[in-house]
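Undergrad: Got a structure for you, query11.txt, holding compact mmCIF, C-alpha atoms.
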# COMPACT_ATOMS: atom_id res chain seq x y z
CA MET S 300 -4.87 3.03 -17.60
CA ASN S 301 -8.49 2.28 -16.81
CA ASP S 302 -10.67 4.22 -14.38
CA VAL S 303 -9.69 4.00 -10.74
CA ARG S 304 -11.33 1.12 -8.92
CA VAL S 305 -12.04 1.19 -5.19
CA PHE S 306 -11.73 -2.26 -3.61
CA THR S 307 -13.11 -3.72 -0.45
CA LEU S 308 -10.56 -5.74 1.48
CA ASP S 309 -12.35 -8.94 0.43
CA GLU S 310 -12.28 -7.93 -3.25
CA ALA S 311 -8.57 -7.18 -3.06
CA ASN S 312 -7.89 -10.48 -1.30
CA GLN S 313 -9.86 -12.39 -3.95
CA LEU S 314 -7.60 -10.93 -6.62
CA LEU S 315 -4.36 -12.07 -4.94
CA PRO S 316 -4.10 -15.51 -6.62
CA LEU S 317 -4.30 -13.90 -10.07
CA LEU S 318 -1.85 -11.16 -9.08
CA THR S 319 0.54 -13.77 -7.69
CA GLN S 320 0.51 -15.55 -11.04
CA LEU S 321 0.89 -12.34 -13.05
CA LEU S 322 3.76 -11.07 -10.91
CA ALA S 323 5.59 -14.40 -11.16
CA GLU S 324 5.23 -14.26 -14.95
CA LEU S 325 6.34 -10.63 -14.98
CA GLN S 326 9.47 -11.37 -12.94
CA LYS S 327 10.38 -14.33 -15.19
CA LYS S 328 9.82 -12.23 -18.28
CA ARG S 329 11.98 -9.41 -16.90
CA GLU S 330 14.77 -11.92 -16.16
CA ALA S 331 14.54 -13.30 -19.70
CA ILE S 332 14.73 -9.76 -21.11
CA THR S 333 17.86 -9.03 -19.08
CA ILE S 334 19.50 -12.23 -20.35
CA LEU S 335 18.58 -11.38 -23.94
CA GLU S 336 20.01 -7.88 -23.56
CA THR S 337 23.29 -9.36 -22.35
CA GLN S 338 23.32 -11.78 -25.30
CA ILE S 339 22.62 -8.99 -27.76
CA ASP S 340 25.45 -6.91 -26.26
CA ALA S 341 27.82 -9.87 -26.58
CA LEU S 342 26.74 -10.55 -30.16
CA GLU S 343 27.38 -6.92 -31.06
CA LEU S 344 30.94 -7.26 -29.75
CA ILE S 345 31.82 -10.53 -31.44
CA SER S 346 29.71 -10.65 -34.58
CA ASP S 347 31.09 -10.23 -38.05
CA PRO S 348 28.72 -7.98 -40.01
CA ALA S 349 29.93 -9.62 -43.22
CA ALA S 350 28.92 -13.09 -41.99
CA LYS S 351 25.29 -13.95 -42.72
CA HIS S 352 25.05 -16.29 -39.72
CA SER S 353 26.11 -13.47 -37.38
CA VAL S 354 23.48 -11.13 -38.79
CA ASP S 355 20.82 -13.86 -38.60
CA GLU S 356 21.72 -14.68 -35.00
CA MET S 357 21.55 -11.00 -34.03
CA ASN S 358 18.20 -10.57 -35.78
CA ARG S 359 16.76 -13.60 -33.96
CA ALA S 360 17.97 -12.29 -30.60
CA VAL S 361 16.58 -8.81 -31.25
CA GLU S 362 13.22 -10.23 -32.38
CA LYS S 363 13.02 -12.46 -29.31
CA HIS S 364 13.84 -9.43 -27.13
CA HIS S 365 11.12 -7.37 -28.81
CA GLN S 366 8.59 -10.16 -28.30
CA SER S 367 9.54 -10.55 -24.63
CA VAL S 368 9.23 -6.80 -23.98
CA THR S 369 5.82 -6.79 -25.66
CA GLU S 370 4.72 -9.71 -23.45
CA PHE S 371 6.12 -7.96 -20.35
CA TYR S 372 4.02 -4.86 -20.97
CA ALA S 373 0.94 -6.98 -21.75
CA ILE S 374 1.24 -8.48 -18.25
CA VAL S 375 1.62 -5.00 -16.74
CA GLU S 376 -1.50 -3.91 -18.63
CA SER S 377 -3.38 -6.94 -17.33
CA ILE S 378 -2.54 -5.91 -13.76
CA HIS S 379 -3.74 -2.37 -14.47
CA GLN S 380 -6.94 -3.61 -16.14
CA ASN S 381 -7.81 -5.35 -12.88
CA GLY S 382 -7.82 -1.94 -11.19
CA CYS S 383 -4.43 -2.37 -9.49
CA PHE S 384 -1.24 -0.34 -9.70
CA LEU S 385 2.11 -2.04 -10.15
CA LYS S 386 4.57 -0.21 -7.91
CA ASP S 387 7.69 -2.43 -7.99
CA VAL S 388 8.39 -5.54 -10.08
CA ASP S 389 11.37 -6.64 -7.98
CA LEU S 390 9.45 -6.51 -4.71
CA GLY S 391 6.20 -7.63 -6.31
CA LEU S 392 4.48 -4.57 -4.88
CA ILE S 393 0.90 -3.80 -5.89
CA ASP S 394 -1.39 -0.99 -4.70
CA PHE S 395 -5.18 -0.99 -4.56
CA PHE S 396 -7.47 1.86 -3.63
CA GLY S 397 -9.89 1.16 -0.78
CA MET S 398 -12.19 2.99 1.60
CA VAL S 399 -11.53 3.30 5.31
CA GLY S 400 -13.68 5.55 7.47
CA GLY S 401 -15.16 7.21 4.39
CA ARG S 402 -11.70 8.12 3.05
CA VAL S 403 -9.94 6.69 0.01
CA VAL S 404 -6.77 4.92 1.12
CA CYS S 405 -4.04 2.97 -0.57
CA LEU S 406 -4.02 -0.75 0.23
CA CYS S 407 -0.56 -2.15 -0.44
CA TRP S 408 0.25 -5.81 -1.06
CA ARG S 409 3.59 -7.49 -1.60
CA LEU S 410 4.12 -10.78 -3.40
CA GLY S 411 4.24 -13.58 -0.82
CA GLU S 412 2.01 -11.85 1.72
CA ASN S 413 -1.37 -13.32 2.67
How does this structure look as structure tokens?
TA:
Amino acid sequence: MNDVRVFTLDEANQLLPLLTQLLAELQKKREAITILETQIDALELISDPAAKHSVDEMNRAVEKHHQSVTEFYAIVESIHQNGCFLKDVDLGLIDFFGMVGGRVVCLCWRLGEN
């Protein structure tokens, strides 16, 4: 995690289009990971370890899962590198630090809000 960044309201608002894009990608990636995990579980139940095609199919699914998880965390890191804190992927909740009346406050934003 990078150093804490303190945003003005305008700076936070300017970042919203990028955050909207990143959160949409993050939610899609999480959905793909969940689907892959279900597929891997099913393959474990029905695969024949002696059959090369079963092993190959499992290996492809596991590699795709690993790649998707790596991409998921790269998106999370991108959000953090912009000085924001991802609070909830499902809700699309992001926190920023800001100053109000000389005090550091938490500015919260939820995907879909202006």
Undergrad: If we count only C-alpha atoms and set the cut-off at 10 Å, which residues sit around Leu390 in chain S, ignoring sequence neighbours fewer than 4 positions away in its own chain? Please answer as an NGL selection string.
TA: :S and (322 or 326 or 386 or 408-411)
Undergrad: Would you export the selected residues with C-alpha atoms as a compact mmCIF listing (two decimals), in the frame of the given file, please?
TA:
# COMPACT_ATOMS: atom_id res chain seq x y z
CA LEU S 322 3.76 -11.07 -10.91
CA GLN S 326 9.47 -11.37 -12.94
CA LYS S 386 4.57 -0.21 -7.91
CA TRP S 408 0.25 -5.81 -1.06
CA ARG S 409 3.59 -7.49 -1.60
CA LEU S 410 4.12 -10.78 -3.40
CA GLY S 411 4.24 -13.58 -0.82
Undergrad: Would you mind telling me which residue in S:Glu412, S:Glu376, S:Asp389, S:Glu336 lies nearest to Lys363 in chain S when using all atoms listed in the file?
TA: S:Glu336
Undergrad: Within 12 Å of range 328-334 of chain S, counting all atoms listed in the file, which residues qualify if same-chain residues fewer than 4 places away don't, as a PyMOL selection string?
TA: chain S and resi 321-324+338-341+360-375+388-389
Undergrad: Those selected residues, please, written with C-alpha atoms and delivered as a PDB file, in the frame of the given file.
TA:
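File written: selection_2.pdb
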ATOM      1  CA  LEU S 321       0.890 -12.340 -13.050  1.00  0.00           C
ATOM      2  CA  LEU S 322       3.760 -11.070 -10.910  1.00  0.00           C
ATOM      3  CA  ALA S 323       5.590 -14.400 -11.160  1.00  0.00           C
ATOM      4  CA  GLU S 324       5.230 -14.260 -14.950  1.00  0.00           C
ATOM      5  CA  GLN S 338      23.320 -11.780 -25.300  1.00  0.00           C
ATOM      6  CA  ILE S 339      22.620  -8.990 -27.760  1.00  0.00           C
ATOM      7  CA  ASP S 340      25.450  -6.910 -26.260  1.00  0.00           C
ATOM      8  CA  ALA S 341      27.820  -9.870 -26.580  1.00  0.00           C
ATOM      9  CA  ALA S 360      17.970 -12.290 -30.600  1.00  0.00           C
ATOM     10  CA  VAL S 361      16.580  -8.810 -31.250  1.00  0.00           C
ATOM     11  CA  GLU S 362      13.220 -10.230 -32.380  1.00  0.00           C
ATOM     12  CA  LYS S 363      13.020 -12.460 -29.310  1.00  0.00           C
ATOM     13  CA  HIS S 364      13.840  -9.430 -27.130  1.00  0.00           C
ATOM     14  CA  HIS S 365      11.120  -7.370 -28.810  1.00  0.00           C
ATOM     15  CA  GLN S 366       8.590 -10.160 -28.300  1.00  0.00           C
ATOM     16  CA  SER S 367       9.540 -10.550 -24.630  1.00  0.00           C
ATOM     17  CA  VAL S 368       9.230  -6.800 -23.980  1.00  0.00           C
ATOM     18  CA  THR S 369       5.820  -6.790 -25.660  1.00  0.00           C
ATOM     19  CA  GLU S 370       4.720  -9.710 -23.450  1.00  0.00           C
ATOM     20  CA  PHE S 371       6.120  -7.960 -20.350  1.00  0.00           C
ATOM     21  CA  TYR S 372       4.020  -4.860 -20.970  1.00  0.00           C
ATOM     22  CA  ALA S 373       0.940  -6.980 -21.750  1.00  0.00           C
ATOM     23  CA  ILE S 374       1.240  -8.480 -18.250  1.00  0.00           C
ATOM     24  CA  VAL S 375       1.620  -5.000 -16.740  1.00  0.00           C
ATOM     25  CA  VAL S 388       8.390  -5.540 -10.080  1.00  0.00           C
ATOM     26  CA  ASP S 389      11.370  -6.640  -7.980  1.00  0.00           C
TER      27      ASP S 389
END
Undergrad: What's the separation between CA of Asn358 in chain S and CA of Leu325 in chain S, in Å to one decimal place?
TA: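 Spanning CA of Asn358 in chain S to CA of Leu325 in chain S is a straight-line distance of 23.9 Å.
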Undergrad: Between S:Gln313, S:Leu335, S:Leu308, S:Leu385, which residue has the minimum interatomic distance to Arg359 in chain S, considering all atoms listed in the file?
TA: S:Leu335
Undergrad: Taking into account all atoms listed in the file, which residue in the set S:Leu344, S:Ala311, S:Val305, S:Ile378 is nearest to Arg402 in chain S?
TA: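 Of the candidates, the smallest distance to Arg402 in chain S is held by S:Val305.
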Undergrad: With distances taken over only C-alpha atoms, which residue among S:Val404, S:Ser346, S:His379, S:Asp394 lies nearest Asn312 in chain S?
TA: S:Asp394
Undergrad: Give me, please, the distance in Å between CA of Val303 in chain S and CA of Ile393 in chain S, quoted to one decimal.
TA: 14.0 Å
Undergrad: Pick out the closest residue to Gly397 in chain S from this set: S:Asn381, S:Met357, S:Glu310, S:Leu315. Count only C-alpha atoms.
TA: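 The shortest atom-to-atom distance to Gly397 in chain S comes from S:Glu310.
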Undergrad: Would you compute the distance between CA of Cys407 in chain S and CA of Thr319 in chain S? Give it in Å to one decimal.
TA: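 So the answer is 13.7 Å.
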Undergrad: Given all atoms listed in the file as the basis, pick out the residue of S:Asp347, S:Gln320, S:Arg304, S:Leu342 nearest to Cys405 in chain S.
TA: S:Arg304
